[in-house]
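Inspection log for the structure reproduced underneath, given as structure tokens.
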Amino acid sequence: MALFYQHNINANTKMGIWRIEEPESFFLEKVPLKRDVSHPYKRLQHLAGRYLLPILFEDFPLSEILIADTRKPFLESERYHFSISHCGNFAAAIVSDTHRVGVDIELVTPRLRGISEKFLHRDEALFLQEWEALPQIHLELTTLLWSAKEAIYKWYGAGMVDFKEHMRLCGPIVSGVNEWVTMPFEFRKNEVVPMTVTARLFDQLGLAWVVT
């Protein structure tokens with residue numbers, strides 16, 4: 001078993017991270033493979049993410065998962081709301097029986113600096129400029145902002161989102177207990193929806209989740 005981390009957010013919502021160390025056959029014992037995922041490692045990530053769901057809630061109906069036109073997995077019955085993310089040899093999942101959710105994990109790599117102008121609003125870019133003298137912190141904050149927006153995108157689930165304009169950091173990032181930080185955001189597509197993204201770093205892995 002390679003459950004890397006598990007967090008019970010509240011009585012109805014749980015989140016976990018799996019470190020992928022097992023062969024595909026390990027996951028196929030419990031996870032039905034419906035999607036035609038041809039790349040072996042992407043298939044392994046896909047399976048590991050779904051394997052997490054019944055670990056978080058034992059009665060999660062894996063066989064009932066459908067894929068929307070936006071590629072978002074969902075349950076037609078809405079018995080559970082869930083979101084899955086994978087990056088490198090990690091997969092993450094969040095599940096709730098009462099709330100819409102989104103989760104994202106990202107490796108902390110300089111690659112994100114090269115695409116930051118595609119997802120950072122000008123105010124967010126100005127905020128990050130304050131940390132340019134500390135390159136590692138600057139990179140970690142960039143990663144968490146990207147991960148936060150990916151989590152919001154998955155929470156929304158309907159696609160057609162402008163990462164710069166529709167999702168904006170709207171206040172200070174606040175440190176909490178156990179290395180968690182909270183990030184106030186506004187989702188601005190059609191109407192303004194305030195929300196709080198919770199995030200943290202595990203060495204070189206960033207995690208963000210949202211529950212509304």
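In the structure tokens, the first chain shown is A, the next is B, and so on; residue numbers restart at 1 for each chain, and ligands run from 1 in the order shown.
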Using only C-alpha atoms, which residues sit within 10 Å of stretch 184-196 of chain A once same-chain residues fewer than 6 positions away are excluded, as a VMD selection string? chain A and resid 148 to 149 152 to 153 156 160 to 163 165 to 174 209 to 212
Any chance you could export the current selection's C-alpha atoms as an mmCIF file, in the first residue's frame?
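Final file, result.cif:
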```
data_model
loop_
_atom_site.group_PDB
_atom_site.id
_atom_site.type_symbol
_atom_site.label_atom_id
_atom_site.label_comp_id
_atom_site.auth_asym_id
_atom_site.auth_seq_id
_atom_site.Cartn_x
_atom_site.Cartn_y
_atom_site.Cartn_z
ATOM 1 C CA ALA A 148 -5.349 26.499 -7.029
ATOM 2 C CA LYS A 149 -6.695 27.563 -10.416
ATOM 3 C CA ILE A 152 -11.193 25.646 -9.260
ATOM 4 C CA TYR A 153 -11.377 24.636 -12.925
ATOM 5 C CA TYR A 156 -16.476 24.213 -12.060
ATOM 6 C CA MET A 160 -14.462 27.335 -21.283
ATOM 7 C CA VAL A 161 -12.662 29.131 -18.428
ATOM 8 C CA ASP A 162 -10.114 31.943 -18.774
ATOM 9 C CA PHE A 163 -7.508 31.192 -16.099
ATOM 10 C CA GLU A 165 -9.697 36.600 -15.878
ATOM 11 C CA HIS A 166 -12.218 34.128 -14.471
ATOM 12 C CA MET A 167 -10.143 32.976 -11.468
ATOM 13 C CA ARG A 168 -8.418 35.618 -9.379
ATOM 14 C CA LEU A 169 -6.604 35.684 -6.079
ATOM 15 C CA CYS A 170 -8.410 38.422 -4.147
ATOM 16 C CA GLY A 171 -6.610 38.708 -0.807
ATOM 17 C CA PRO A 172 -3.581 37.654 1.210
ATOM 18 C CA ILE A 173 -2.394 34.060 1.403
ATOM 19 C CA VAL A 174 -2.724 33.078 5.059
ATOM 20 C CA TRP A 209 -8.317 21.757 -3.076
ATOM 21 C CA VAL A 210 -11.621 23.599 -2.957
ATOM 22 C CA VAL A 211 -14.960 22.635 -1.406
ATOM 23 C CA THR A 212 -18.160 24.684 -1.782
#
```
Which of stretch 81-133 of chain A DSSP labels helix (DSSP H, G or I), written as a ChimeraX atom specification: /A:111-118,122-129
Residue selection dump (N, CA and C atoms) as a short mmCIF file (atom, residue, chain, number, x, y, z; two decimals), in the first residue's frame:
```cif
data_model
loop_
_atom_site.label_atom_id
_atom_site.label_comp_id
_atom_site.auth_asym_id
_atom_site.auth_seq_id
_atom_site.Cartn_x
_atom_site.Cartn_y
_atom_site.Cartn_z
N ARG A 111 9.28 24.80 -15.04
CA ARG A 111 8.42 24.83 -16.23
C ARG A 111 7.28 25.83 -16.08
N LEU A 112 6.75 25.97 -14.87
CA LEU A 112 5.59 26.83 -14.66
C LEU A 112 5.92 28.30 -14.89
N ARG A 113 7.17 28.68 -14.65
CA ARG A 113 7.53 30.08 -14.90
C ARG A 113 7.33 30.43 -16.38
N GLY A 114 7.61 29.46 -17.24
CA GLY A 114 7.51 29.72 -18.67
C GLY A 114 6.09 29.89 -19.17
N ILE A 115 5.10 29.37 -18.43
CA ILE A 115 3.71 29.50 -18.86
C ILE A 115 2.90 30.40 -17.94
N SER A 116 3.55 31.05 -16.97
CA SER A 116 2.83 31.82 -15.96
C SER A 116 2.00 32.95 -16.57
N GLU A 117 2.46 33.53 -17.69
CA GLU A 117 1.70 34.64 -18.28
C GLU A 117 0.36 34.16 -18.86
N LYS A 118 0.19 32.85 -19.00
CA LYS A 118 -1.06 32.31 -19.52
C LYS A 118 -2.12 32.16 -18.43
N ARG A 122 -2.72 40.14 -13.93
CA ARG A 122 -1.63 41.11 -13.72
C ARG A 122 -1.42 41.40 -12.23
N ASP A 123 -2.49 41.40 -11.44
CA ASP A 123 -2.34 41.65 -10.00
C ASP A 123 -1.60 40.50 -9.32
N GLU A 124 -1.84 39.29 -9.78
CA GLU A 124 -1.13 38.13 -9.22
C GLU A 124 0.34 38.16 -9.62
N ALA A 125 0.61 38.58 -10.86
CA ALA A 125 2.00 38.69 -11.30
C ALA A 125 2.74 39.74 -10.48
N LEU A 126 2.08 40.85 -10.17
CA LEU A 126 2.69 41.88 -9.34
C LEU A 126 2.98 41.36 -7.93
N PHE A 127 2.05 40.57 -7.40
CA PHE A 127 2.26 39.98 -6.08
C PHE A 127 3.49 39.07 -6.09
N LEU A 128 3.65 38.27 -7.13
CA LEU A 128 4.79 37.36 -7.19
C LEU A 128 6.11 38.10 -7.37
N GLN A 129 6.07 39.27 -7.99
CA GLN A 129 7.29 40.04 -8.16
C GLN A 129 7.96 40.37 -6.83
#
```
For stretch 42-46 of chain A, find every residue with an atom within 9 Å (counting only C-alpha atoms), except residues of its own chain fewer than 5 positions away, and show them as an MDAnalysis selection string. chainID A and resid 20 22:24 27 33 35:37 51 84:91
Within 10 Å of A:Leu141, counting only C-alpha atoms, which residues show up once you throw out same-chain ones fewer than 2 positions away? Write them as a ChimeraX atom specification, please. /A:108,127-128,131,135-139,143-147,173,201,206
Can you list every residue in stretch 76-199 of chain A that DSSP puts in strand (DSSP E), as an mmCIF file with N, CA and C atoms, in the first residue's frame?
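Done, and the output landed in out_25.cif:
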```cif
data_model
loop_
_atom_site.group_PDB
_atom_site.id
_atom_site.type_symbol
_atom_site.label_atom_id
_atom_site.label_comp_id
_atom_site.auth_asym_id
_atom_site.auth_seq_id
_atom_site.Cartn_x
_atom_site.Cartn_y
_atom_site.Cartn_z
ATOM 1 N N HIS A 81 -19.737 13.733 -5.119
ATOM 2 C CA HIS A 81 -19.003 14.671 -5.958
ATOM 3 C C HIS A 81 -17.526 14.340 -5.766
ATOM 4 N N PHE A 82 -16.757 14.375 -6.861
ATOM 5 C CA PHE A 82 -15.353 13.986 -6.723
ATOM 6 C C PHE A 82 -14.506 14.658 -7.788
ATOM 7 N N SER A 83 -13.223 14.654 -7.535
ATOM 8 C CA SER A 83 -12.246 15.219 -8.470
ATOM 9 C C SER A 83 -10.953 14.426 -8.324
ATOM 10 N N ILE A 84 -10.250 14.266 -9.439
ATOM 11 C CA ILE A 84 -9.015 13.476 -9.467
ATOM 12 C C ILE A 84 -7.922 14.293 -10.156
ATOM 13 N N SER A 85 -6.703 14.134 -9.682
ATOM 14 C CA SER A 85 -5.555 14.779 -10.314
ATOM 15 C C SER A 85 -4.371 13.834 -10.245
ATOM 16 N N HIS A 86 -3.468 13.926 -11.204
ATOM 17 C CA HIS A 86 -2.239 13.134 -11.136
ATOM 18 C C HIS A 86 -1.095 13.903 -11.754
ATOM 19 N N CYS A 87 0.089 13.654 -11.225
ATOM 20 C CA CYS A 87 1.292 14.338 -11.684
ATOM 21 C C CYS A 87 2.495 13.496 -11.276
ATOM 22 N N PHE A 90 2.419 10.486 -8.601
ATOM 23 C CA PHE A 90 1.406 10.735 -7.576
ATOM 24 C C PHE A 90 0.032 10.893 -8.221
ATOM 25 N N ALA A 91 -0.984 10.445 -7.496
ATOM 26 C CA ALA A 91 -2.377 10.682 -7.869
ATOM 27 C C ALA A 91 -3.109 11.195 -6.634
ATOM 28 N N ALA A 92 -4.034 12.111 -6.836
ATOM 29 C CA ALA A 92 -4.807 12.667 -5.723
ATOM 30 C C ALA A 92 -6.291 12.590 -6.058
ATOM 31 N N ALA A 93 -7.106 12.485 -5.019
ATOM 32 C CA ALA A 93 -8.552 12.477 -5.209
ATOM 33 C C ALA A 93 -9.207 13.158 -4.012
ATOM 34 N N ILE A 94 -10.342 13.800 -4.284
ATOM 35 C CA ILE A 94 -11.164 14.379 -3.230
ATOM 36 C C ILE A 94 -12.599 13.936 -3.493
ATOM 37 N N VAL A 95 -13.304 13.565 -2.434
ATOM 38 C CA VAL A 95 -14.669 13.053 -2.554
ATOM 39 C C VAL A 95 -15.536 13.681 -1.472
ATOM 40 N N SER A 96 -16.763 14.058 -1.847
ATOM 41 C CA SER A 96 -17.727 14.587 -0.873
ATOM 42 C C SER A 96 -19.110 14.080 -1.226
ATOM 43 N N VAL A 101 -16.529 19.766 -5.387
ATOM 44 C CA VAL A 101 -15.116 19.754 -4.986
ATOM 45 C C VAL A 101 -14.205 19.831 -6.202
ATOM 46 N N GLY A 102 -12.962 20.204 -5.944
ATOM 47 C CA GLY A 102 -11.927 20.179 -6.970
ATOM 48 C C GLY A 102 -10.585 19.973 -6.300
ATOM 49 N N VAL A 103 -9.685 19.244 -6.945
ATOM 50 C CA VAL A 103 -8.356 19.004 -6.382
ATOM 51 C C VAL A 103 -7.329 19.051 -7.498
ATOM 52 N N ASP A 104 -6.104 19.457 -7.166
ATOM 53 C CA ASP A 104 -5.015 19.427 -8.131
ATOM 54 C C ASP A 104 -3.701 19.213 -7.410
ATOM 55 N N ILE A 105 -2.812 18.456 -8.031
ATOM 56 C CA ILE A 105 -1.435 18.312 -7.554
ATOM 57 C C ILE A 105 -0.494 18.668 -8.692
ATOM 58 N N GLU A 106 0.626 19.282 -8.344
ATOM 59 C CA GLU A 106 1.610 19.713 -9.331
ATOM 60 C C GLU A 106 3.009 19.532 -8.757
ATOM 61 N N LEU A 107 3.933 19.114 -9.591
ATOM 62 C CA LEU A 107 5.335 19.096 -9.202
ATOM 63 C C LEU A 107 5.880 20.521 -9.261
ATOM 64 N N MET A 167 -10.570 33.468 -12.777
ATOM 65 C CA MET A 167 -10.143 32.976 -11.468
ATOM 66 C C MET A 167 -9.060 33.900 -10.938
ATOM 67 N N ARG A 168 -9.356 34.610 -9.859
ATOM 68 C CA ARG A 168 -8.418 35.618 -9.379
ATOM 69 C C ARG A 168 -8.199 35.518 -7.869
ATOM 70 N N LEU A 169 -6.947 35.540 -7.490
ATOM 71 C CA LEU A 169 -6.604 35.684 -6.079
ATOM 72 C C LEU A 169 -7.071 37.066 -5.637
ATOM 73 N N VAL A 174 -2.844 33.150 3.599
ATOM 74 C CA VAL A 174 -2.724 33.078 5.059
ATOM 75 C C VAL A 174 -2.212 31.706 5.479
ATOM 76 N N SER A 175 -1.166 31.677 6.279
ATOM 77 C CA SER A 175 -0.622 30.419 6.792
ATOM 78 C C SER A 175 -1.502 29.894 7.917
ATOM 79 N N VAL A 181 -2.027 26.472 3.850
ATOM 80 C CA VAL A 181 -2.303 27.887 3.632
ATOM 81 C C VAL A 181 -3.694 28.008 3.017
ATOM 82 N N THR A 182 -4.347 29.134 3.252
ATOM 83 C CA THR A 182 -5.628 29.408 2.617
ATOM 84 C C THR A 182 -5.463 30.563 1.649
ATOM 85 N N MET A 183 -6.128 30.457 0.516
ATOM 86 C CA MET A 183 -5.991 31.417 -0.567
ATOM 87 C C MET A 183 -7.380 31.894 -0.988
ATOM 88 N N PRO A 184 -7.720 33.159 -0.741
ATOM 89 C CA PRO A 184 -9.043 33.661 -1.133
ATOM 90 C C PRO A 184 -9.106 33.932 -2.636
ATOM 91 N N PHE A 185 -10.097 33.339 -3.284
ATOM 92 C CA PHE A 185 -10.276 33.516 -4.724
ATOM 93 C C PHE A 185 -11.686 33.992 -5.040
ATOM 94 N N GLU A 186 -11.807 34.570 -6.205
ATOM 95 C CA GLU A 186 -13.118 34.842 -6.792
ATOM 96 C C GLU A 186 -13.180 34.144 -8.144
ATOM 97 N N PHE A 187 -14.267 33.388 -8.345
ATOM 98 C CA PHE A 187 -14.534 32.799 -9.648
ATOM 99 C C PHE A 187 -15.497 33.738 -10.357
ATOM 100 N N VAL A 193 -18.229 34.463 -7.628
ATOM 101 C CA VAL A 193 -18.406 33.458 -6.580
ATOM 102 C C VAL A 193 -17.160 33.461 -5.694
ATOM 103 N N PRO A 194 -17.254 33.971 -4.455
ATOM 104 C CA PRO A 194 -16.092 33.917 -3.547
ATOM 105 C C PRO A 194 -15.856 32.480 -3.088
ATOM 106 N N MET A 195 -14.611 32.102 -2.954
ATOM 107 C CA MET A 195 -14.276 30.770 -2.460
ATOM 108 C C MET A 195 -12.890 30.784 -1.837
ATOM 109 N N THR A 196 -12.646 29.804 -1.007
ATOM 110 C CA THR A 196 -11.333 29.656 -0.372
ATOM 111 C C THR A 196 -10.683 28.379 -0.863
ATOM 112 N N VAL A 197 -9.475 28.520 -1.397
ATOM 113 C CA VAL A 197 -8.685 27.353 -1.808
ATOM 114 C C VAL A 197 -7.687 27.052 -0.693
ATOM 115 N N THR A 198 -7.607 25.801 -0.304
ATOM 116 C CA THR A 198 -6.648 25.371 0.706
ATOM 117 C C THR A 198 -5.507 24.646 0.003
ATOM 118 N N ALA A 199 -4.265 24.930 0.411
ATOM 119 C CA ALA A 199 -3.121 24.380 -0.307
ATOM 120 C C ALA A 199 -1.966 24.103 0.647
#
```
Nearest-residue call for A:Glu29, choices A:Trp180, A:Ser77, A:Ala2, A:Ala48, using only C-alpha atoms: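 Among the listed residues, the smallest separation from A:Glu29 belongs to A:Ala48.
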Pick the closest to A:Gly157 from A:Glu179, A:Asp69, A:Glu132, A:Asp203: which is it, counting only C-alpha atoms?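 Of the candidates, the smallest distance to A:Gly157 is held by A:Asp69.
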Could you check which of A:Leu56, A:Glu21, A:Tyr41, A:Phe119 is closest to A:Tyr5, using only C-alpha atoms?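 Distance minimum relative to A:Tyr5 lands on A:Leu56.
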